[in-house]
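S.K.: Here it is: the structure, laid out below.
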Amino acid sequence: MASKKSTSTDHAKGGELHQTVSDAKSSLTTNQGVVISDDQNTLTVGEQGPQLLEDFILREKITHFDHERIPERVVHARGYGAHGYFETYKSHAKLTKAAFLQDPGVRTPVFCRFSTVAGSAGSPDTARDVRGFAVKFYTSEGNYDLVGNNIPVFFIQDAIKFPDLIHSVKPEPDRDFPQAQSAHNTFWDFVSLTPESMHMLMWVMSDRAIPRSFRMMEGFGVHTFRFINKDGDATFVKFHWRPKLGTFSLVWDEAVKINGADPDFHRRDLWNSIESGDFPEWELSVQAFTEEEAAGFDFDVLDPTKLIPEELVPLTPLGRMVLDRNVDNFFAETEQVAFCPSHVVPGIDFSNDPLLQGRLFSYLDTQLSRLGSPNFHQIPINKPQCPFANFQRDGHMQMAAQKGNVANEPNSLDKGAPRENPKLGFASHPAKESGAKLRIRPESFADHYTQARLFWKSMTTVEQEHIVGGFSFELGKCNEPAIRTRMLGHLQIIDTQLADRVADALGMKGQAEKITPAVSPGDPEPSAPLSQIASAPQTLQGKKVGLLTTTGIESKLYNAVKKAVEDSGAKLEVVAPTIGTMETSGGKSIEPDHFLAGAPSVLFDVVIVAPAADHFDKLQSDPNAVNWIRDAFAHCKYIGYTETAAALLGQANVDYESDEGVLLLTHESVDALTTAAANYRFWDRQP
Ligand code: HDE
């Protein structure tokens with residue numbers, strides 16, 4: 001039996017470790033403001049007696065906790081956001097009257113959320129998937145949401161197919177797996193029966209679906225929108241975000257391993273870069289074109305499965321977005337932010353893209369069930385930063401106590417009431433519409449293969465190999481042979497070489513189903529900007545170099561590595577057999593960033609292996625060290641090594657004498673590595 005003296009509080013409060021009000025800034029209270037004297041113990045009858053229902057402190061705390069989760073987003077549940085600003089380069093008044101695109105001296109606050117589509121909120125970051133790229137601009141004329149993706153086209157042409165698409169990719173309903181993966185029967189069954197998804201599938205099987213970082217990812221508005229200037233002239237536009245750091249991706253085996261080693265890889269990367277003052281930046285551009293020009297294209301600009309090659313309509317840069325502030329609270333901001341493509345401002349309007357039109361309905365609806373109230377716009381992250389006033393009233397969680405007896409419009413009773421403003425107000429572009437009511441897909445949407453072929457032809461051989469790998473992996477996970485043969489049939493139409501290579505990888509040569517396309521595909525010229533590798537900047541900016549070493553590392557070498565890496569704009573992280581403080585040969589202390597077993601080389605873009613000679617045995621006896629090097633080599637990374645590491649490279653079967661991506665380093669030659677590694681990968685090594 002517990003002694004009488006040392007009951008409740010002393011045990012639970014851990015003696016001196018426990019903080020009381022004397023060291024805190026304020027008292028702990030209930031939600032009603034009542035100061036709490038003991039937050040460690042429930043109210044009981046006697047020492048070991050039953051708990052009391054009257055313990056309102058316990059009940060308030062547990063009840064709140066029980067209701068902490070809200071329904072996760074039905075798609076794009078896994079996401080990460082940050083604050084920043086947008087500034088226009090100049091006035092774009094000729095194109096649009098939107099206020100945030102007029103004055104280069106004005107910084108418009110933004111909140112940006114990146115996401116995967118298929119996985120749940122707790123799923124890993126580097127799944128093969130489309131990435132959401134949603135930006136809320138808090139403009140002086142109201143909130144504008146540009147709710148895009150990192151891929152410029154979509155799977156389907158009509159919103160009525162969206163629930164089917166998403167049901168097919170989500171975990172299968174009887175078994176509730178696989179999580180965050182398209183590699184399963186229902187997805188491939190659906191898309192192989194939906195030829196309009198072929199172009200998008202090419203993108204999703206490519207490097208684009210496994211980005212290296214949110215900071216190194218493009219964004220697209222996907223649909224055609226309209227810009228409206230002050231004279232009421234409309235111009236069609238397609239939105240593009242381009243990352244300043246360039247667009248880079250992981251390789252598949254790396255993505256799979258990162259999912260285990262660091263499921264938060266992308267969110268950690270964004271958080272860390274912003275915390276360290278290395279603010280990511282994107283340029284916003286549009287492809288602007290008239291309706292007459294659009295009529296001359298050999299595809300329909302209202303079809304969201306088509307892109308406009310930049311050779312046809314080049315980009316017009318508008319301005320830049322910088323993300324410079326992490327959230328204070330993930331739930332309050334990133335989880336509660338509510339994007340809606342219908343949030344537009346004067347100067348921006350919609351087109352008749354049927355997918356966009358469906359989205360204009362869907363997002364407001366989803367916020368009602370997800371956030372639970374039509375007052376979701378009053379949550380600080382969603383609240384416009386310009387004045388807003390109308391006669392909407394009441395509802396769950398109403399935060400405003402509106403004054404006066406008038407809640408109707410028109411009225412003559414409240415002289416100060418808000419009124420319509422025909423001059424400043426949003427007016428829809430008076431596009432002429434007529435026609436019969438029909439449920440049809442336009443003929444102009446019928447070519448499903450030409451742009452899939454365009455994408456394939458625009459890739460480098462390395463990227464084509466990755467696409468073959470993507471299809472082979474995913475179809476290899478389908479255990480229904482009819483789905484595989486059907487998909488091979490579609491690939492045959494896109495490109496016979498692609499189809500043959502995937503069939504070969506699956507061991508299904510000659511088994512493609514014969515599919516007759518509704519419209520025979522054309523043979524487009526490649527479009528250079530579609531290839532990430534061909535258009536990648538030569539830079540290590542924003543990347544990470546992992547230094548695998550031990551205590552006793554030569555001081556001169558350590559200093560030279562640190563300087564060369566930092567000069568190149570990358571970050572150096574030290575990986576050691578143990579996490580405790582280590583020393584250079586000169587006695588300088590280094591705090592390793594990682595211990596070896598917790599930091600496989602997949603977490604770094606470039607690696608260096610440089611153990612001290614007299615501590616070499618620590619690495620040689622650790623199988624993680626060999627894996628570290630073997631993986632980096634297989635993932636086509638640039639590798640720097642010192643003489644002391646040569647034996648370890650040998651153990652990992654790395655051909656360090658003839659592979660040009662593996663460089664012998666001394667303190668005088670580290671720059672050679674950082675210069676070469678600006679190529680990002682040594683692709684010559686790819687089989
Ligand atoms: Fe979404 N989508 N979507 N989507 N979408 C949602 O809205 C929907 C589509 C996109 O970070 C949902 O608030 C329909 C295309 C992003 O919070 C939902 C259709 C594009 C995000 C919804 C599409 C997107 C969403 C789920 C077909 C690229 C995350 C939670 C007509 C242009 C935004 C929510 C964030 C989220 C519906 C297709 C982008 C259910 C019906 C195309 C980036 O309303």
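If you're wondering about the labels, chains in the structure tokens are A, B, ... by order shown, residues count from 1 in each chain, ligands from 1 in order shown.
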Excluding same-chain residues fewer than 2 positions from segment 498-510 of chain A, what lies within 12 Å of it counting only C-alpha atoms, as a count of residues only?
M.R.: 44
S.K.: Please identify all polymer residues within 8 Å of Asp278 of chain A, counting only C-alpha atoms, omitting same-chain residues fewer than 4 positions from it, and present them as a PyMOL selection string.
M.R.: chain A and resi 273-274+542
S.K.: Taking only C-alpha atoms and all ligand atoms into account, report as an MDAnalysis selection string which residues have an atom no farther than 7 Å from an atom of ligand 1.
M.R.: chainID A and resid 73:76 79 113:115 132:134 147:149 154 158:159 162 220:223 337:340 355:356 358:359 362:363 366:367
S.K.: Extract, using only C-alpha atoms, all DNA, RNA and protein residues at most 9 Å from Pro309 of chain A, discarding same-chain residues fewer than 3 positions from it, and format them as an MDAnalysis selection string.
M.R.: chainID A and resid 312:314 527:530
S.K.: Do a neighbour search on Tyr680 of chain A at 10 Å with only C-alpha atoms, toss out local chain neighbours closer than 5 positions, and write the hits as a list in words.
M.R.: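 Once the nearby chain positions are removed, what remains is Phe248, Ser249, Ile533, Ala536, Pro537, Gln538, Thr539, Leu540, Lys543, Asp605, Val606, Cys636, Lys637, Tyr638, Thr674 and Thr675 of chain A.
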S.K.: Between A:His396, A:Thr186, A:Ser585, A:Ile515, single out the one closest to Ser369 of chain A, counting only C-alpha atoms.
M.R.: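 Closest residue, counting only C-alpha atoms: A:His396.
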S.K.: Would you please work out which residue, of A:Ala401, A:Ala632, A:Val135, A:Ala610, is nearest to Asn382 of chain A when using only C-alpha atoms?
M.R.: A:Val135
S.K.: Determine the nearest neighbour of Gly587 of chain A from the options A:Lys556, A:Asp655, A:Val575, A:Ala677, counting only C-alpha atoms.
M.R.: A:Lys556
S.K.: Which is closest to Glu293 of chain A among A:Thr235, A:Phe279, A:Ala400, A:Val462, if we use only C-alpha atoms?
M.R.: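 Smallest distance to Glu293 of chain A is found for A:Thr235.
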S.K.: Taking into account only C-alpha atoms, which residue in the set A:Asn259, A:Leu454, A:Val106, A:Glu554 is nearest to Tyr89 of chain A?
M.R.: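 Of all the options, A:Val106 lies closest to Tyr89 of chain A.
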